[in-house]
Amino acid sequence: MINIKDILDQLYIEYKSISSTEVRAKCWNPNHVDAVPSLNINLETGIYHCFGCHIKGNILTLVQDNLNIGHWEARKVLSQFSKGGLTREDKLQKLTEHIKERQKPLPQRNSPIEIPKFVPAINHPYLINRNITEEERNKWNIGVVKEISNPAFFGYNNWIIFPIYYKNILRTYFVRSTKGSNKRFGKYKRDDIIFGLEDCINYNEYLFLVEGIFDMIALRKAQIQVASLLSNRILPKQIEQLKQYKNIVLVPDNDDGGMYILNDAMALLNYCNISYSPIPNNKNDPGSCNLEELIEITLNHIPLVDKIVSKEFMLWYTTKFTRR
Ligand SMILES: [Zn+2]
């Protein structure tokens, strides 16, 4: 017995129910730009059909196409799903095991984390497309997930992966689909990690802070110190580490979420000179800027205090933090 919804979830295919037996998803045909989801999947049979480009298939081709694997590998993947015990007894059994597991002593602090298997993403088209050089690929150990044995990870198969080391310990990982915009971090704590901060050892020089890893790699092309917060927040444990830098420049994404960084950074106003550098209006994040724009970003700072009294910021702050 195979549960189609489980498979869609594991493959990170987003869908909406349209009836009790059918869901609708974005078409995964790379030749079809499907702005309005137009692919229907039958939850009982796994048979799907796209009303835009007319691709159709069954659960086997669905797995094949989404994981970019062959027929036999797809069968193996599917057999993992059909094993899953869903009876009441099975659930109880699993729960009992889980409770036993919880009672074991806590793992060592340095216990190895679980990370999808991967190979180096040498000359990978996705990286080339994002202007990531082989040197950068090598520095950050960027890989491609090759995982069909671990059910927890095979949805990430062929995604780009960054192992995230901090203070010489492998702490978590970041995976990104090369097709849509799906991305994820490993389920490990990262509230103290400022990725790349170990390279930023000139405490008197400007330290640029960005949200994402791709943003950091891009901005480093401008020959400056850059680290990634791995989110659009600056958390208390990150704040503590940033206090030692004299000059911090925030380069948030060009969206509503980016404002949180500016807001959180106010906790540093007593310790550092903090400024903010906007990215061009037509770009979403530093990672999508060209070199000329990146250099412009590094030169054009606005003091944070000026930004936070601006009309734009006040309006954002009021809608986020004021209760009616
Ligand atoms: Zn289609």
# chains A, B, ... in the order shown; residues from 1 in each chain; ligands from 1
>>> residues_near_ligand(ligand="ligand 1", cutoff="8 Å", atoms="only C-alpha atoms and all ligand atoms", output="JSON list (two decimals) with C-alpha atoms, in the first residue's frame")
[["chain", "number", "residue", "atom", "x", "y", "z"],
["A", 26, "LYS", "CA", 3.00, 22.91, -10.23],
["A", 27, "CYS", "CA", 4.10, 21.07, -13.34],
["A", 28, "TRP", "CA", 7.65, 19.70, -13.02],
["A", 29, "ASN", "CA", 8.32, 19.52, -16.74],
["A", 31, "ASN", "CA", 10.15, 22.92, -20.48],
["A", 32, "HIS", "CA", 6.89, 24.15, -19.03],
["A", 33, "VAL", "CA", 6.93, 27.36, -16.99],
["A", 34, "ASP", "CA", 3.86, 26.70, -14.91],
["A", 38, "SER", "CA", -1.93, 23.02, -13.77],
["A", 39, "LEU", "CA", -0.95, 19.46, -13.03],
["A", 49, "HIS", "CA", -1.78, 14.90, -16.15],
["A", 50, "CYS", "CA", -0.73, 18.47, -16.90],
["A", 51, "PHE", "CA", -3.35, 20.63, -18.59],
["A", 52, "GLY", "CA", -0.69, 23.02, -19.81],
["A", 53, "CYS", "CA", 1.89, 20.85, -21.54],
["A", 54, "HIS", "CA", -0.01, 17.54, -21.46],
["A", 55, "ILE", "CA", 2.69, 15.45, -19.83]]
>>> select_by_dssp(residues="segment 21-246 of chain A", states="strand (DSSP E or B)", output="number ranges by chain")
A: 22-25, 39-42, 48-50, 56-57, 118-120, 143-145, 160-166, 169-176, 183-185, 195, 206-210, 225-228
>>> residues_around(residues="segment 275-286 of chain A", least_positions_apart="3", cutoff="9 Å", atoms="only C-alpha atoms", output="MDAnalysis selection string")
chainID A and resid 210:212 214:216 218:219 247:255 262 289:290 293:294 296:307
>>> write_last_selection(atoms="C-alpha atoms", output="tab-separated table (two decimals), in the first residue's frame")
chain	number	residue	atom	x	y	z
A	210	VAL	CA	23.71	38.99	4.59
A	211	GLU	CA	20.86	36.52	4.95
A	212	GLY	CA	21.80	33.67	2.65
A	214	PHE	CA	24.57	32.48	-1.96
A	215	ASP	CA	24.46	36.16	-0.95
A	216	MET	CA	27.65	35.75	1.05
A	218	ALA	CA	28.35	36.74	-4.24
A	219	LEU	CA	29.30	39.68	-2.04
A	247	ASN	CA	31.80	48.49	11.73
A	248	ILE	CA	28.91	46.36	10.58
A	249	VAL	CA	27.01	46.79	7.33
A	250	LEU	CA	23.69	44.98	6.94
A	251	VAL	CA	22.68	43.89	3.45
A	252	PRO	CA	19.22	42.34	3.81
A	253	ASP	CA	17.09	40.96	1.01
A	254	ASN	CA	14.79	43.33	-0.80
A	255	ASP	CA	11.62	42.22	0.94
A	262	LEU	CA	17.45	46.00	10.72
A	289	CYS	CA	23.34	41.11	-8.28
A	290	ASN	CA	26.12	41.50	-10.82
A	293	GLU	CA	25.97	46.22	-8.34
A	294	LEU	CA	27.82	44.32	-5.62
A	296	GLU	CA	27.95	49.64	-5.41
A	297	ILE	CA	26.44	47.88	-2.37
A	298	THR	CA	29.77	47.87	-0.58
A	299	LEU	CA	30.21	51.63	-1.07
A	300	ASN	CA	26.74	52.90	-0.36
A	301	HIS	CA	25.97	52.74	3.37
A	302	ILE	CA	23.21	54.48	5.27
A	303	PRO	CA	23.56	54.69	9.07
A	304	LEU	CA	21.07	52.34	10.69
A	305	VAL	CA	19.74	55.14	12.90
A	306	ASP	CA	18.73	57.09	9.78
A	307	LYS	CA	17.02	54.07	8.32
>>> closest_residue(among="A:Ile160, A:Leu268, A:Leu67, A:Ile261", to="Arg137 of chain A", atoms="only C-alpha atoms")
A:Ile160
>>> closest_residue(among="A:Asn66, A:Thr61, A:Ser19, A:Thr133", to="Trp159 of chain A", atoms="only C-alpha atoms")
A:Asn66
>>> decode(residues="segment 150-259 of chain A", atoms="C-alpha atoms", output="mmCIF file, in the first residue's frame")
data_model
loop_
_atom_site.group_PDB
_atom_site.id
_atom_site.type_symbol
_atom_site.label_atom_id
_atom_site.label_comp_id
_atom_site.auth_asym_id
_atom_site.auth_seq_id
_atom_site.Cartn_x
_atom_site.Cartn_y
_atom_site.Cartn_z
ATOM 1 C CA ASN A 150 18.041 7.013 3.310
ATOM 2 C CA PRO A 151 14.288 7.731 3.117
ATOM 3 C CA ALA A 152 14.755 10.869 5.224
ATOM 4 C CA PHE A 153 16.882 12.414 2.509
ATOM 5 C CA PHE A 154 16.001 11.062 -0.875
ATOM 6 C CA GLY A 155 13.652 13.944 -1.583
ATOM 7 C CA TYR A 156 16.848 16.001 -1.764
ATOM 8 C CA ASN A 157 18.384 13.814 -4.445
ATOM 9 C CA ASN A 158 20.247 15.976 -6.996
ATOM 10 C CA TRP A 159 19.729 19.095 -4.895
ATOM 11 C CA ILE A 160 22.709 21.335 -4.165
ATOM 12 C CA ILE A 161 24.099 20.897 -0.637
ATOM 13 C CA PHE A 162 26.301 23.056 1.584
ATOM 14 C CA PRO A 163 27.700 21.333 4.666
ATOM 15 C CA ILE A 164 27.749 24.021 7.344
ATOM 16 C CA TYR A 165 30.835 24.016 9.516
ATOM 17 C CA TYR A 166 31.140 26.454 12.359
ATOM 18 C CA LYS A 167 34.203 26.676 14.569
ATOM 19 C CA ASN A 168 35.471 23.539 12.857
ATOM 20 C CA ILE A 169 32.470 21.426 13.732
ATOM 21 C CA LEU A 170 29.982 20.181 11.159
ATOM 22 C CA ARG A 171 26.845 21.719 12.576
ATOM 23 C CA THR A 172 24.159 21.342 9.939
ATOM 24 C CA TYR A 173 23.600 21.578 6.198
ATOM 25 C CA PHE A 174 21.669 23.575 3.641
ATOM 26 C CA VAL A 175 20.038 21.993 0.618
ATOM 27 C CA ARG A 176 18.505 23.715 -2.358
ATOM 28 C CA SER A 177 16.526 22.380 -5.281
ATOM 29 C CA THR A 178 18.020 23.195 -8.670
ATOM 30 C CA LYS A 179 14.556 23.464 -10.250
ATOM 31 C CA GLY A 180 12.047 25.346 -8.112
ATOM 32 C CA SER A 181 12.741 27.528 -5.116
ATOM 33 C CA ASN A 182 12.638 24.813 -2.457
ATOM 34 C CA LYS A 183 15.369 25.066 0.162
ATOM 35 C CA ARG A 184 15.943 23.709 3.614
ATOM 36 C CA PHE A 185 18.340 23.531 6.501
ATOM 37 C CA GLY A 186 19.143 20.376 8.412
ATOM 38 C CA LYS A 187 17.061 20.087 11.571
ATOM 39 C CA TYR A 188 19.917 21.125 13.850
ATOM 40 C CA LYS A 189 20.218 24.241 15.979
ATOM 41 C CA ARG A 190 21.892 27.117 14.207
ATOM 42 C CA ASP A 191 20.931 30.029 16.427
ATOM 43 C CA ASP A 192 24.581 30.838 17.162
ATOM 44 C CA ILE A 193 26.011 30.224 13.685
ATOM 45 C CA ILE A 194 27.191 33.146 11.566
ATOM 46 C CA PHE A 195 28.374 31.241 8.537
ATOM 47 C CA GLY A 196 31.743 32.391 7.238
ATOM 48 C CA LEU A 197 32.483 34.548 10.306
ATOM 49 C CA GLU A 198 35.699 32.637 11.013
ATOM 50 C CA ASP A 199 37.239 34.246 7.921
ATOM 51 C CA CYS A 200 36.291 37.708 9.107
ATOM 52 C CA ILE A 201 39.101 38.406 11.532
ATOM 53 C CA ASN A 202 39.742 42.089 10.919
ATOM 54 C CA TYR A 203 37.603 43.466 13.695
ATOM 55 C CA ASN A 204 38.239 47.062 12.688
ATOM 56 C CA GLU A 205 37.308 46.544 9.055
ATOM 57 C CA TYR A 206 33.769 46.550 7.752
ATOM 58 C CA LEU A 207 31.884 43.330 8.328
ATOM 59 C CA PHE A 208 28.998 42.819 5.903
ATOM 60 C CA LEU A 209 26.095 40.652 7.017
ATOM 61 C CA VAL A 210 23.710 38.990 4.593
ATOM 62 C CA GLU A 211 20.861 36.515 4.945
ATOM 63 C CA GLY A 212 21.799 33.668 2.654
ATOM 64 C CA ILE A 213 24.810 31.597 1.730
ATOM 65 C CA PHE A 214 24.570 32.484 -1.958
ATOM 66 C CA ASP A 215 24.458 36.162 -0.951
ATOM 67 C CA MET A 216 27.647 35.748 1.046
ATOM 68 C CA ILE A 217 29.486 34.049 -1.802
ATOM 69 C CA ALA A 218 28.346 36.742 -4.245
ATOM 70 C CA LEU A 219 29.304 39.679 -2.040
ATOM 71 C CA ARG A 220 32.706 38.186 -1.278
ATOM 72 C CA LYS A 221 33.531 38.711 -4.945
ATOM 73 C CA ALA A 222 33.835 42.396 -4.050
ATOM 74 C CA GLN A 223 36.848 41.494 -1.840
ATOM 75 C CA ILE A 224 35.258 42.340 1.488
ATOM 76 C CA GLN A 225 34.504 40.549 4.753
ATOM 77 C CA VAL A 226 31.061 38.953 4.536
ATOM 78 C CA ALA A 227 29.215 36.426 6.698
ATOM 79 C CA SER A 228 25.764 34.903 6.452
ATOM 80 C CA LEU A 229 23.183 34.942 9.253
ATOM 81 C CA LEU A 230 21.387 31.933 7.681
ATOM 82 C CA SER A 231 18.029 33.651 8.207
ATOM 83 C CA ASN A 232 16.465 37.094 8.254
ATOM 84 C CA ARG A 233 16.990 37.466 11.992
ATOM 85 C CA ILE A 234 19.964 38.310 14.222
ATOM 86 C CA LEU A 235 19.483 36.078 17.229
ATOM 87 C CA PRO A 236 20.833 36.768 20.757
ATOM 88 C CA LYS A 237 23.744 34.324 20.443
ATOM 89 C CA GLN A 238 24.708 35.916 17.135
ATOM 90 C CA ILE A 239 24.468 39.414 18.613
ATOM 91 C CA GLU A 240 27.017 38.452 21.289
ATOM 92 C CA GLN A 241 29.592 37.442 18.691
ATOM 93 C CA LEU A 242 29.039 40.550 16.594
ATOM 94 C CA LYS A 243 29.761 42.977 19.425
ATOM 95 C CA GLN A 244 33.503 42.690 18.793
ATOM 96 C CA TYR A 245 33.235 44.227 15.297
ATOM 97 C CA LYS A 246 33.636 47.970 15.008
ATOM 98 C CA ASN A 247 31.803 48.492 11.727
ATOM 99 C CA ILE A 248 28.911 46.364 10.585
ATOM 100 C CA VAL A 249 27.008 46.794 7.332
ATOM 101 C CA LEU A 250 23.691 44.979 6.935
ATOM 102 C CA VAL A 251 22.685 43.894 3.446
ATOM 103 C CA PRO A 252 19.221 42.342 3.811
ATOM 104 C CA ASP A 253 17.088 40.957 1.012
ATOM 105 C CA ASN A 254 14.787 43.329 -0.801
ATOM 106 C CA ASP A 255 11.617 42.216 0.936
ATOM 107 C CA ASP A 256 9.487 42.698 3.983
ATOM 108 C CA GLY A 257 11.388 39.946 5.847
ATOM 109 C CA GLY A 258 14.665 41.813 5.379
ATOM 110 C CA MET A 259 13.394 44.505 7.744
#
